[in-house]
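Participant: Sharing query.cif, mmCIF, C-alpha atoms:
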data_start
#
loop_
_atom_site.group_PDB
_atom_site.id
_atom_site.type_symbol
_atom_site.label_atom_id
_atom_site.label_comp_id
_atom_site.auth_asym_id
_atom_site.auth_seq_id
_atom_site.Cartn_x
_atom_site.Cartn_y
_atom_site.Cartn_z
ATOM 1 C CA MET C 183 -88.093 -2.779 -23.484
ATOM 2 C CA ASN C 184 -91.134 -4.834 -22.671
ATOM 3 C CA GLY C 185 -92.208 -8.418 -22.267
ATOM 4 C CA ASP C 186 -92.796 -9.011 -25.955
ATOM 5 C CA MET C 187 -89.070 -9.451 -26.475
ATOM 6 C CA SER C 188 -88.950 -12.703 -24.553
ATOM 7 C CA GLY C 189 -89.167 -14.867 -27.669
ATOM 8 C CA GLY C 190 -85.451 -14.906 -28.589
ATOM 9 C CA ALA C 191 -83.921 -18.331 -29.026
ATOM 10 C CA GLY C 192 -80.691 -17.750 -27.125
ATOM 11 C CA LEU C 193 -82.439 -15.875 -24.368
ATOM 12 C CA HIS C 194 -81.681 -17.848 -21.273
ATOM 13 C CA HIS C 195 -78.075 -18.823 -21.734
ATOM 14 C CA VAL C 196 -76.481 -15.501 -22.569
ATOM 15 C CA GLY C 197 -73.657 -14.967 -20.126
ATOM 16 C CA ASP C 198 -74.445 -11.594 -18.613
ATOM 17 C CA GLY C 199 -72.545 -12.101 -15.392
ATOM 18 C CA GLY C 200 -75.722 -12.675 -13.430
ATOM 19 C CA MET C 201 -76.975 -9.152 -14.011
ATOM 20 C CA THR C 202 -80.719 -8.980 -14.088
ATOM 21 C CA ARG C 203 -83.170 -6.178 -14.056
ATOM 22 C CA ARG C 204 -86.842 -5.651 -13.982
ATOM 23 C CA ALA C 205 -88.230 -5.987 -17.468
ATOM 24 C CA GLY C 206 -91.861 -4.950 -17.306
ATOM 25 C CA LEU C 207 -93.819 -2.432 -15.316
ATOM 26 C CA GLN C 208 -97.083 -4.327 -14.982
ATOM 27 C CA PRO C 209 -97.716 -5.824 -11.543
ATOM 28 C CA GLY C 210 -96.891 -9.498 -11.415
ATOM 29 C CA HIS C 211 -94.828 -9.384 -14.567
ATOM 30 C CA ALA C 212 -92.038 -11.946 -14.693
ATOM 31 C CA TYR C 213 -88.489 -10.753 -14.282
ATOM 32 C CA MET C 214 -86.390 -10.934 -17.355
ATOM 33 C CA ARG C 215 -82.617 -11.126 -17.557
ATOM 34 C CA TYR C 216 -80.731 -8.129 -18.817
ATOM 35 C CA HIS C 217 -79.204 -8.755 -22.208
ATOM 36 C CA PRO C 218 -76.545 -6.192 -23.034
ATOM 37 C CA LYS C 219 -75.963 -8.086 -26.274
ATOM 38 C CA TRP C 220 -79.197 -6.732 -27.715
ATOM 39 C CA TYR C 221 -77.956 -3.174 -27.478
ATOM 40 C CA ARG C 222 -74.556 -3.669 -29.053
ATOM 41 C CA ARG C 223 -73.524 -2.924 -32.556
ATOM 42 C CA ARG C 224 -71.304 -5.592 -34.057
ATOM 43 C CA MET C 225 -67.704 -4.433 -34.065
ATOM 44 C CA SER C 226 -65.066 -5.395 -36.554
ATOM 45 C CA VAL C 227 -62.163 -7.487 -35.312
ATOM 46 C CA TRP C 228 -60.023 -4.677 -36.753
ATOM 47 C CA TRP C 229 -61.563 -1.987 -34.541
ATOM 48 C CA TRP C 230 -58.128 -1.037 -33.259
ATOM 49 C CA LEU C 231 -57.027 0.109 -36.732
ATOM 50 C CA GLN C 232 -59.816 2.677 -36.982
ATOM 51 C CA LYS C 233 -58.110 5.265 -34.843
ATOM 52 C CA GLY C 234 -54.497 6.097 -34.005
ATOM 53 C CA SER C 235 -55.063 5.975 -30.276
ATOM 54 C CA TYR C 236 -56.670 2.526 -30.543
ATOM 55 C CA ALA C 237 -53.690 1.240 -32.532
ATOM 56 C CA GLN C 238 -51.320 2.703 -29.946
ATOM 57 C CA PHE C 239 -53.252 0.923 -27.212
ATOM 58 C CA VAL C 240 -53.018 -2.444 -28.956
ATOM 59 C CA LEU C 241 -49.330 -1.854 -29.748
ATOM 60 C CA ARG C 242 -48.731 -1.115 -26.077
ATOM 61 C CA GLU C 243 -50.493 -4.323 -25.082
ATOM 62 C CA LEU C 244 -48.467 -6.284 -27.650
ATOM 63 C CA THR C 245 -45.183 -5.076 -26.142
ATOM 64 C CA SER C 246 -45.898 -7.821 -23.610
ATOM 65 C CA VAL C 247 -45.101 -10.380 -26.324
ATOM 66 C CA ALA C 248 -41.595 -8.904 -26.593
ATOM 67 C CA VAL C 249 -41.335 -8.977 -22.794
ATOM 68 C CA ALA C 250 -42.216 -12.687 -22.726
ATOM 69 C CA PHE C 251 -39.832 -13.355 -25.629
ATOM 70 C CA PHE C 252 -36.888 -11.816 -23.778
ATOM 71 C CA ALA C 253 -37.842 -13.483 -20.478
ATOM 72 C CA PHE C 254 -37.501 -16.747 -22.391
ATOM 73 C CA ILE C 255 -34.135 -15.636 -23.876
ATOM 74 C CA PHE C 256 -32.819 -14.807 -20.394
ATOM 75 C CA LEU C 257 -33.974 -18.176 -19.101
ATOM 76 C CA TRP C 258 -32.317 -19.917 -22.053
ATOM 77 C CA GLN C 259 -29.039 -18.143 -21.323
ATOM 78 C CA VAL C 260 -29.111 -18.895 -17.578
ATOM 79 C CA TRP C 261 -29.895 -22.534 -18.377
ATOM 80 C CA ALA C 262 -26.883 -22.605 -20.744
ATOM 81 C CA LEU C 263 -24.662 -21.225 -17.963
ATOM 82 C CA GLY C 264 -25.459 -24.377 -15.995
ATOM 83 C CA GLN C 265 -24.757 -26.619 -18.991
ATOM 84 C CA GLY C 266 -21.167 -25.494 -19.458
ATOM 85 C CA PRO C 267 -19.003 -23.132 -21.558
ATOM 86 C CA GLN C 268 -19.850 -24.758 -24.898
ATOM 87 C CA ALA C 269 -23.598 -24.531 -24.374
ATOM 88 C CA TYR C 270 -23.229 -20.922 -23.313
ATOM 89 C CA ALA C 271 -21.072 -20.045 -26.336
ATOM 90 C CA HIS C 272 -23.682 -21.727 -28.529
ATOM 91 C CA VAL C 273 -26.463 -19.528 -27.120
ATOM 92 C CA VAL C 274 -24.413 -16.347 -27.626
ATOM 93 C CA ALA C 275 -23.645 -17.431 -31.198
ATOM 94 C CA ARG C 276 -27.321 -18.106 -31.882
ATOM 95 C CA LEU C 277 -28.226 -14.668 -30.531
ATOM 96 C CA GLY C 278 -25.826 -13.186 -33.081
ATOM 97 C CA THR C 279 -27.506 -14.733 -36.129
ATOM 98 C CA PRO C 280 -29.278 -12.272 -38.476
ATOM 99 C CA LEU C 281 -32.778 -13.496 -37.612
ATOM 100 C CA ALA C 282 -32.115 -13.246 -33.874
ATOM 101 C CA VAL C 283 -30.644 -9.759 -34.267
ATOM 102 C CA VAL C 284 -33.667 -8.549 -36.262
ATOM 103 C CA LEU C 285 -36.038 -10.001 -33.639
ATOM 104 C CA SER C 286 -33.969 -8.445 -30.863
ATOM 105 C CA VAL C 287 -33.952 -5.000 -32.478
ATOM 106 C CA VAL C 288 -37.743 -5.060 -32.981
ATOM 107 C CA GLY C 289 -38.214 -6.454 -29.462
ATOM 108 C CA PHE C 290 -35.884 -3.835 -27.990
ATOM 109 C CA VAL C 291 -37.958 -1.036 -29.544
ATOM 110 C CA LEU C 292 -41.145 -2.623 -28.166
ATOM 111 C CA VAL C 293 -39.588 -2.976 -24.700
ATOM 112 C CA LEU C 294 -38.583 0.695 -24.781
ATOM 113 C CA TYR C 295 -42.149 1.579 -25.797
ATOM 114 C CA HIS C 296 -43.395 -0.410 -22.814
ATOM 115 C CA THR C 297 -40.978 1.406 -20.500
ATOM 116 C CA VAL C 298 -41.981 4.880 -21.695
ATOM 117 C CA THR C 299 -45.745 4.188 -21.647
ATOM 118 C CA TRP C 300 -45.456 2.495 -18.245
ATOM 119 C CA PHE C 301 -43.622 5.413 -16.660
ATOM 120 C CA ASN C 302 -45.916 7.989 -18.238
ATOM 121 C CA LEU C 303 -48.938 6.146 -16.849
ATOM 122 C CA ALA C 304 -47.381 5.781 -13.401
ATOM 123 C CA PRO C 305 -48.684 9.163 -12.122
ATOM 124 C CA ALA C 306 -52.241 8.088 -12.997
ATOM 125 C CA ALA C 307 -51.870 4.709 -11.325
ATOM 126 C CA MET C 308 -49.970 5.919 -8.278
ATOM 127 C CA VAL C 309 -51.064 8.944 -6.300
ATOM 128 C CA VAL C 310 -48.216 10.041 -4.051
ATOM 129 C CA ARG C 311 -48.921 12.438 -1.216
ATOM 130 C CA VAL C 312 -46.356 14.303 0.806
ATOM 131 C CA SER C 313 -47.765 15.959 3.948
ATOM 132 C CA GLY C 314 -51.256 15.908 2.529
ATOM 133 C CA ARG C 315 -50.429 17.450 -0.832
ATOM 134 C CA ARG C 316 -50.450 15.450 -4.012
ATOM 135 C CA VAL C 317 -47.063 15.192 -5.693
ATOM 136 C CA PRO C 318 -47.389 16.466 -9.306
ATOM 137 C CA GLY C 319 -47.593 13.776 -11.978
ATOM 138 C CA TRP C 320 -44.423 14.836 -13.770
ATOM 139 C CA MET C 321 -42.460 14.319 -10.540
ATOM 140 C CA VAL C 322 -43.755 10.752 -10.167
ATOM 141 C CA ALA C 323 -42.828 10.050 -13.794
ATOM 142 C CA ALA C 324 -39.431 11.716 -13.326
ATOM 143 C CA ALA C 325 -38.739 9.538 -10.270
ATOM 144 C CA ASN C 326 -39.462 6.475 -12.396
ATOM 145 C CA TYR C 327 -37.100 7.641 -15.132
ATOM 146 C CA ALA C 328 -34.399 8.378 -12.543
ATOM 147 C CA ALA C 329 -34.792 4.885 -11.060
ATOM 148 C CA TRP C 330 -34.578 3.469 -14.594
ATOM 149 C CA VAL C 331 -31.277 5.243 -15.317
ATOM 150 C CA LEU C 332 -29.827 4.261 -11.940
ATOM 151 C CA LEU C 333 -30.820 0.587 -12.168
ATOM 152 C CA SER C 334 -29.644 0.348 -15.791
ATOM 153 C CA ALA C 335 -26.243 1.701 -14.732
ATOM 154 C CA VAL C 336 -26.008 -0.831 -11.884
ATOM 155 C CA VAL C 337 -26.921 -3.752 -14.172
ATOM 156 C CA ALA C 338 -24.464 -2.564 -16.841
ATOM 157 C CA TRP C 339 -21.758 -2.232 -14.189
ATOM 158 C CA PHE C 340 -22.315 -5.848 -13.108
ATOM 159 C CA PHE C 341 -22.176 -7.135 -16.698
ATOM 160 C CA LEU C 342 -19.274 -5.013 -17.912
ATOM 161 C CA GLY C 343 -17.265 -5.367 -14.715
ATOM 162 C CA ALA C 344 -17.804 -9.109 -14.414
ATOM 163 C CA ASN C 345 -14.475 -9.936 -16.071
ATOM 164 C CA GLN C 346 -12.393 -8.150 -13.452
ATOM 165 C CA MET S 35 -62.324 -15.520 -13.295
ATOM 166 C CA ASN S 36 -62.308 -16.071 -9.581
ATOM 167 C CA GLU S 37 -63.190 -12.831 -7.817
ATOM 168 C CA ARG S 38 -60.565 -13.349 -5.123
ATOM 169 C CA LEU S 39 -57.840 -14.209 -7.602
ATOM 170 C CA THR S 40 -58.317 -11.136 -9.800
ATOM 171 C CA PRO S 41 -56.637 -8.537 -7.513
ATOM 172 C CA PHE S 42 -53.697 -10.882 -6.994
ATOM 173 C CA LEU S 43 -53.268 -11.397 -10.737
ATOM 174 C CA TRP S 44 -53.480 -7.638 -11.260
ATOM 175 C CA LEU S 45 -50.761 -7.159 -8.630
ATOM 176 C CA LEU S 46 -48.524 -9.636 -10.483
ATOM 177 C CA PHE S 47 -49.272 -7.793 -13.752
ATOM 178 C CA SER S 48 -48.379 -4.466 -12.178
ATOM 179 C CA ALA S 49 -45.206 -5.724 -10.473
ATOM 180 C CA GLY S 50 -44.128 -7.523 -13.635
ATOM 181 C CA GLY S 51 -44.743 -4.429 -15.740
ATOM 182 C CA THR S 52 -42.576 -2.373 -13.402
ATOM 183 C CA VAL S 53 -39.764 -4.941 -13.414
ATOM 184 C CA ALA S 54 -39.887 -5.131 -17.216
ATOM 185 C CA ALA S 55 -39.981 -1.332 -17.591
ATOM 186 C CA LEU S 56 -37.042 -0.754 -15.257
ATOM 187 C CA LEU S 57 -34.759 -3.667 -16.089
ATOM 188 C CA PHE S 58 -35.570 -5.145 -19.506
ATOM 189 C CA PRO S 59 -34.134 -2.375 -21.701
ATOM 190 C CA VAL S 60 -30.620 -2.668 -20.268
ATOM 191 C CA HIS S 61 -30.687 -6.484 -20.151
ATOM 192 C CA VAL S 62 -32.017 -6.751 -23.691
ATOM 193 C CA PHE S 63 -29.553 -4.209 -25.032
ATOM 194 C CA LEU S 64 -26.543 -5.943 -23.481
ATOM 195 C CA VAL S 65 -27.471 -9.631 -23.657
ATOM 196 C CA ALA S 66 -29.371 -9.727 -26.957
ATOM 197 C CA LEU S 67 -27.637 -6.975 -28.932
ATOM 198 C CA ALA S 68 -24.356 -5.514 -27.658
ATOM 199 C CA PHE S 69 -22.670 -8.764 -26.559
ATOM 200 C CA PRO S 70 -23.682 -11.049 -29.468
ATOM 201 C CA LEU S 71 -22.759 -8.307 -31.978
ATOM 202 C CA GLY S 72 -19.453 -7.588 -30.251
ATOM 203 C CA ALA S 73 -20.288 -3.917 -29.748
ATOM 204 C CA LEU S 74 -19.231 -4.116 -26.102
ATOM 205 C CA PRO S 75 -16.733 -6.479 -24.425
ATOM 206 C CA ALA S 76 -18.841 -9.481 -23.366
ATOM 207 C CA PRO S 77 -18.300 -10.984 -19.922
ATOM 208 C CA SER S 78 -16.628 -14.395 -20.039
ATOM 209 C CA TYR S 79 -18.465 -17.598 -19.249
ATOM 210 C CA GLU S 80 -16.454 -17.988 -16.049
ATOM 211 C CA ALA S 81 -17.303 -14.479 -14.894
ATOM 212 C CA LEU S 82 -21.062 -14.899 -15.435
ATOM 213 C CA HIS S 83 -21.004 -18.392 -13.974
ATOM 214 C CA GLY S 84 -19.282 -16.987 -10.894
ATOM 215 C CA LEU S 85 -21.865 -14.207 -10.681
ATOM 216 C CA VAL S 86 -24.859 -16.573 -10.654
ATOM 217 C CA GLN S 87 -23.377 -18.519 -7.751
ATOM 218 C CA HIS S 88 -24.516 -15.753 -5.436
ATOM 219 C CA PRO S 89 -27.983 -16.424 -3.932
ATOM 220 C CA LEU S 90 -29.017 -12.770 -4.324
ATOM 221 C CA VAL S 91 -28.180 -12.869 -8.029
ATOM 222 C CA ARG S 92 -30.328 -15.993 -8.388
ATOM 223 C CA ILE S 93 -33.238 -14.341 -6.604
ATOM 224 C CA TYR S 94 -32.773 -11.322 -8.880
ATOM 225 C CA ILE S 95 -32.872 -13.526 -11.997
ATOM 226 C CA PHE S 96 -35.954 -15.310 -10.692
ATOM 227 C CA VAL S 97 -37.777 -11.995 -10.200
ATOM 228 C CA LEU S 98 -36.461 -10.689 -13.542
ATOM 229 C CA ILE S 99 -37.980 -13.614 -15.454
ATOM 230 C CA SER S 100 -41.066 -14.721 -13.526
ATOM 231 C CA LEU S 101 -42.852 -11.433 -12.770
ATOM 232 C CA PRO S 102 -42.676 -10.136 -16.369
ATOM 233 C CA LEU S 103 -44.130 -13.485 -17.510
ATOM 234 C CA PHE S 104 -47.245 -12.746 -15.441
ATOM 235 C CA HIS S 105 -47.274 -9.257 -16.878
ATOM 236 C CA TRP S 106 -47.331 -10.822 -20.345
ATOM 237 C CA ALA S 107 -50.047 -13.312 -19.341
ATOM 238 C CA HIS S 108 -52.341 -10.519 -18.172
ATOM 239 C CA ARG S 109 -51.863 -8.228 -21.150
ATOM 240 C CA PHE S 110 -51.906 -10.969 -23.755
ATOM 241 C CA ARG S 111 -55.049 -12.438 -22.249
ATOM 242 C CA TYR S 112 -56.964 -9.188 -22.583
ATOM 243 C CA THR S 113 -55.507 -8.468 -26.011
ATOM 244 C CA LEU S 114 -56.885 -11.779 -27.258
ATOM 245 C CA TYR S 115 -60.144 -11.155 -25.440
ATOM 246 C CA ASP S 116 -60.742 -7.576 -26.658
ATOM 247 C CA GLY S 117 -58.695 -7.516 -29.837
ATOM 248 C CA LEU S 118 -59.981 -10.700 -31.378
ATOM 249 C CA GLN S 119 -63.308 -10.685 -29.511
ATOM 250 C CA LEU S 120 -62.899 -14.246 -28.281
ATOM 251 C CA TYR S 121 -65.479 -13.780 -25.544
ATOM 252 C CA HIS S 122 -66.574 -17.396 -25.560
ATOM 253 C CA LEU S 123 -62.997 -18.584 -24.951
ATOM 254 C CA THR S 124 -62.336 -16.310 -21.978
ATOM 255 C CA ASN S 125 -61.690 -19.124 -19.479
ATOM 256 C CA LEU S 126 -59.540 -21.152 -21.832
ATOM 257 C CA ILE S 127 -57.430 -18.087 -22.702
ATOM 258 C CA ALA S 128 -56.958 -17.224 -19.029
ATOM 259 C CA VAL S 129 -55.897 -20.770 -18.156
ATOM 260 C CA LEU S 130 -53.457 -20.940 -21.082
ATOM 261 C CA CYS S 131 -51.887 -17.521 -20.415
ATOM 262 C CA TYR S 132 -51.487 -17.791 -16.655
ATOM 263 C CA GLY S 133 -50.604 -21.473 -17.045
ATOM 264 C CA ALA S 134 -47.760 -20.558 -19.405
ATOM 265 C CA ALA S 135 -46.516 -17.945 -16.924
ATOM 266 C CA LEU S 136 -46.677 -20.507 -14.111
ATOM 267 C CA ALA S 137 -44.806 -23.068 -16.226
ATOM 268 C CA GLY S 138 -42.138 -20.479 -17.053
ATOM 269 C CA THR S 139 -41.820 -19.581 -13.382
ATOM 270 C CA ALA S 140 -41.451 -23.251 -12.426
ATOM 271 C CA ALA S 141 -38.844 -23.771 -15.161
ATOM 272 C CA THR S 142 -36.911 -20.700 -13.964
ATOM 273 C CA ALA S 143 -36.972 -21.932 -10.365
ATOM 274 C CA TYR S 144 -35.802 -25.376 -11.494
ATOM 275 C CA VAL S 145 -32.959 -23.986 -13.624
ATOM 276 C CA LEU S 146 -31.780 -21.672 -10.854
ATOM 277 C CA LEU S 147 -31.965 -24.336 -8.125
ATOM 278 C CA THR S 148 -30.091 -26.952 -10.142
ATOM 279 C CA LEU S 149 -27.470 -24.561 -11.507
ATOM 280 C CA THR S 150 -24.404 -25.801 -9.673
ATOM 281 C CA ARG S 151 -21.640 -26.880 -12.027
#
Written as C-alpha cells, that's how I'd like the structure from this file.
Facilitator:
Amino acid sequence: MNGDMSGGAGLHHVGDGGMTRRAGLQPGHAYMRYHPKWYRRRMSVWWWLQKGSYAQFVLRELTSVAVAFFAFIFLWQVWALGQGPQAYAHVVARLGTPLAVVLSVVGFVLVLYHTVTWFNLAPAAMVVRVSGRRVPGWMVAAANYAAWVLLSAVVAWFFLGANQ
Amino acid sequence: MNERLTPFLWLLFSAGGTVAALLFPVHVFLVALAFPLGALPAPSYEALHGLVQHPLVRIYIFVLISLPLFHWAHRFRYTLYDGLQLYHLTNLIAVLCYGAALAGTAATAYVLLTLTR
C-alpha cells in the first residue's frame, strides 16, 4: 500500500489495538496506521452455518448457556432449602412441569456435549510429563473420564443416601 | 480488556469449565430430571437441609455455582463477539457477562451464608 490511501474518512479512529506500521518507503514519509479492516472481506453473521465444524464450535460455545441455566437452578434450589419445606417442595414441583422437563432434557444433552468436548480437548490444553516423557493424549482424556465417573458416583451417593 | 485481568479471567473460565464438565451432568440428571420426575427416590427436605449445614458442603455448592458462571461469562462473551460480530460493543458485552457472573457469585455467597433455618 502507499500514501495515496490516506484519504479515507474513518482513517484515524479505527480501533486497531495500537498496531502501526510503516506505510511508505520514501524517506521522510509520514507513518500511517495499519488498518486490517481494509483487507477483510465482509462476513455473514451466519458464518458458523457454512461448515459443520463451525456449527459444532458455536454449539460447543452455546453449551455455556445451559451451564449458566443450571447454575441458576441449583442456586434457586439451595435458596429454597433456606426458605423452608414448602418453598423447597414448590421448586421441585416447578422442576417437574412439562416446560421445565423439556428445558432440562435439552440442557442435559448440552451439558453432556460440554463434558465430552472438554475432556477431549484436555490433552491439547494440558501437557503432562512423567519423567521427561509426554503422557499420550488418550491417557489424559481417560484420566478425565475416570475422574468424571468417580465424582459422579460420589455425588449420587450423597444425594441417594441422604435419607438414611 | 485489561491486560492483567485477561489471564485471571481465562483461569476462571478454565476452572469453571472443568467443574461444569465433571459435576454438572450428575447434578443436572438427579436434581432437574430424576428427582422431579420420580425416577429415583428423592432425598427429603430434612435430609438435604441437614446436608447443607456442613461448611464443606456449602463451600462445594459455592464452587459448583460460581466457577461455572464465569465459564459461561467467558464463552458467551466471545460467542456474542465472534458469532454476531458485535465488535463495537466489546467492552459493554464484557462488563455485562462478567458482571452477571459476579452478581451470581455474590447471590450464591449470600444465600449460603444466610442459610440457617
Participant: Based on all atoms listed in the file, which of the residues in chain S come within 6 Å of chain C? I want them as a PyMOL selection string.
Facilitator: chain S and resi 55-56+60+70-71+77+81+99+103+106+109+118+145+149
Participant: May I ask which of the residues S:Leu45, S:Val97, S:Ile127, S:Leu39 is the closest one to S:Phe58, counting only C-alpha atoms?
Facilitator: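 Using only C-alpha atoms, the shortest distance to S:Phe58 belongs to S:Val97.
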Participant: To one decimal place, how far is atom CA of S:Ala128 from atom CA of C:Pro305 in Å?
Facilitator: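 These atoms are spaced 28.5 Å apart.
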Participant: Using atom CA of S:Ala54 and atom CA of S:His105 as the two end points, give the distance in Å to one decimal.
Facilitator: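 That distance, rounded to one decimal, is 8.5 Å.
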Participant: Just how far from atom CA of S:Ala107 is atom CA of S:Tyr132, in Å to one decimal?
Facilitator: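 According to the coordinates, atom CA of S:Tyr132 and atom CA of S:Ala107 are separated by 5.4 Å.
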Participant: Considering all atoms listed in the file, return as a count of residues only whatever protein or nucleic-acid residues lie within 12 Å of S:Val129, sequence-local ones (same chain, fewer than 2 positions apart) excluded.
Facilitator: 18
Participant: Applying 12 Å and only C-alpha atoms, which residues near C:Arg311 remain after dropping the ones on its own chain fewer than 6 positions away? List them as a ChimeraX atom specification.
Facilitator: /C:305,317-319,321-322
Participant: Since the input has fewer atoms than a full residue there, write stretch 73-93 of chain S out with N, CA, C and O atoms, as a short mmCIF file (atom, residue, chain, number, x, y, z; two decimals), keeping the file's coordinate frame.
Facilitator:
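Everything below was put into rebuild_18.cif:
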data_model
loop_
_atom_site.label_atom_id
_atom_site.label_comp_id
_atom_site.auth_asym_id
_atom_site.auth_seq_id
_atom_site.Cartn_x
_atom_site.Cartn_y
_atom_site.Cartn_z
N ALA S 73 -20.37 -5.37 -29.89
CA ALA S 73 -20.29 -3.92 -29.75
C ALA S 73 -19.67 -3.51 -28.42
O ALA S 73 -19.05 -2.44 -28.31
N LEU S 74 -19.84 -4.36 -27.42
CA LEU S 74 -19.23 -4.12 -26.10
C LEU S 74 -18.52 -5.40 -25.68
O LEU S 74 -18.91 -6.49 -26.08
N PRO S 75 -17.44 -5.27 -24.87
CA PRO S 75 -16.73 -6.48 -24.42
C PRO S 75 -17.63 -7.37 -23.57
O PRO S 75 -18.08 -6.95 -22.49
N ALA S 76 -17.93 -8.57 -24.07
CA ALA S 76 -18.84 -9.48 -23.37
C ALA S 76 -18.15 -10.10 -22.16
O ALA S 76 -16.95 -10.40 -22.22
N PRO S 77 -18.89 -10.28 -21.06
CA PRO S 77 -18.30 -10.98 -19.92
C PRO S 77 -18.04 -12.45 -20.28
O PRO S 77 -18.79 -13.04 -21.06
N SER S 78 -16.96 -13.01 -19.73
CA SER S 78 -16.63 -14.40 -20.04
C SER S 78 -17.62 -15.34 -19.37
O SER S 78 -18.35 -14.95 -18.46
N TYR S 79 -17.61 -16.58 -19.86
CA TYR S 79 -18.46 -17.60 -19.25
C TYR S 79 -18.16 -17.73 -17.76
O TYR S 79 -19.07 -17.77 -16.92
N GLU S 80 -16.87 -17.80 -17.44
CA GLU S 80 -16.45 -17.99 -16.05
C GLU S 80 -16.96 -16.85 -15.16
O GLU S 80 -17.42 -17.07 -14.04
N ALA S 81 -16.88 -15.63 -15.68
CA ALA S 81 -17.30 -14.48 -14.89
C ALA S 81 -18.80 -14.54 -14.60
O ALA S 81 -19.23 -14.34 -13.45
N LEU S 82 -19.61 -14.84 -15.64
CA LEU S 82 -21.06 -14.90 -15.44
C LEU S 82 -21.43 -16.09 -14.55
O LEU S 82 -22.32 -16.00 -13.70
N HIS S 83 -20.73 -17.21 -14.77
CA HIS S 83 -21.00 -18.39 -13.97
C HIS S 83 -20.69 -18.13 -12.51
O HIS S 83 -21.41 -18.60 -11.61
N GLY S 84 -19.61 -17.36 -12.28
CA GLY S 84 -19.28 -16.99 -10.89
C GLY S 84 -20.36 -16.08 -10.30
O GLY S 84 -20.73 -16.22 -9.13
N LEU S 85 -20.86 -15.17 -11.15
CA LEU S 85 -21.86 -14.21 -10.68
C LEU S 85 -23.15 -14.91 -10.23
O LEU S 85 -23.72 -14.57 -9.18
N VAL S 86 -23.59 -15.92 -10.99
CA VAL S 86 -24.86 -16.57 -10.65
C VAL S 86 -24.73 -17.55 -9.49
O VAL S 86 -25.71 -18.18 -9.10
N GLN S 87 -23.52 -17.68 -8.95
CA GLN S 87 -23.38 -18.52 -7.75
C GLN S 87 -23.95 -17.82 -6.53
O GLN S 87 -24.30 -18.47 -5.54
N HIS S 88 -24.02 -16.50 -6.59
CA HIS S 88 -24.52 -15.75 -5.44
C HIS S 88 -26.04 -15.89 -5.31
O HIS S 88 -26.76 -15.69 -6.30
N PRO S 89 -26.53 -16.24 -4.11
CA PRO S 89 -27.98 -16.42 -3.93
C PRO S 89 -28.80 -15.18 -4.32
O PRO S 89 -29.88 -15.31 -4.90
N LEU S 90 -28.27 -13.99 -4.01
CA LEU S 90 -29.02 -12.77 -4.32
C LEU S 90 -29.16 -12.59 -5.83
O LEU S 90 -30.20 -12.13 -6.32
N VAL S 91 -28.11 -12.97 -6.57
CA VAL S 91 -28.18 -12.87 -8.03
C VAL S 91 -29.24 -13.84 -8.56
O VAL S 91 -30.00 -13.51 -9.48
N ARG S 92 -29.32 -15.02 -7.94
CA ARG S 92 -30.33 -15.99 -8.39
C ARG S 92 -31.74 -15.50 -8.09
O ARG S 92 -32.65 -15.66 -8.92
N ILE S 93 -31.92 -14.90 -6.93
CA ILE S 93 -33.24 -14.34 -6.60
C ILE S 93 -33.58 -13.23 -7.60
O ILE S 93 -34.71 -13.13 -8.09
#
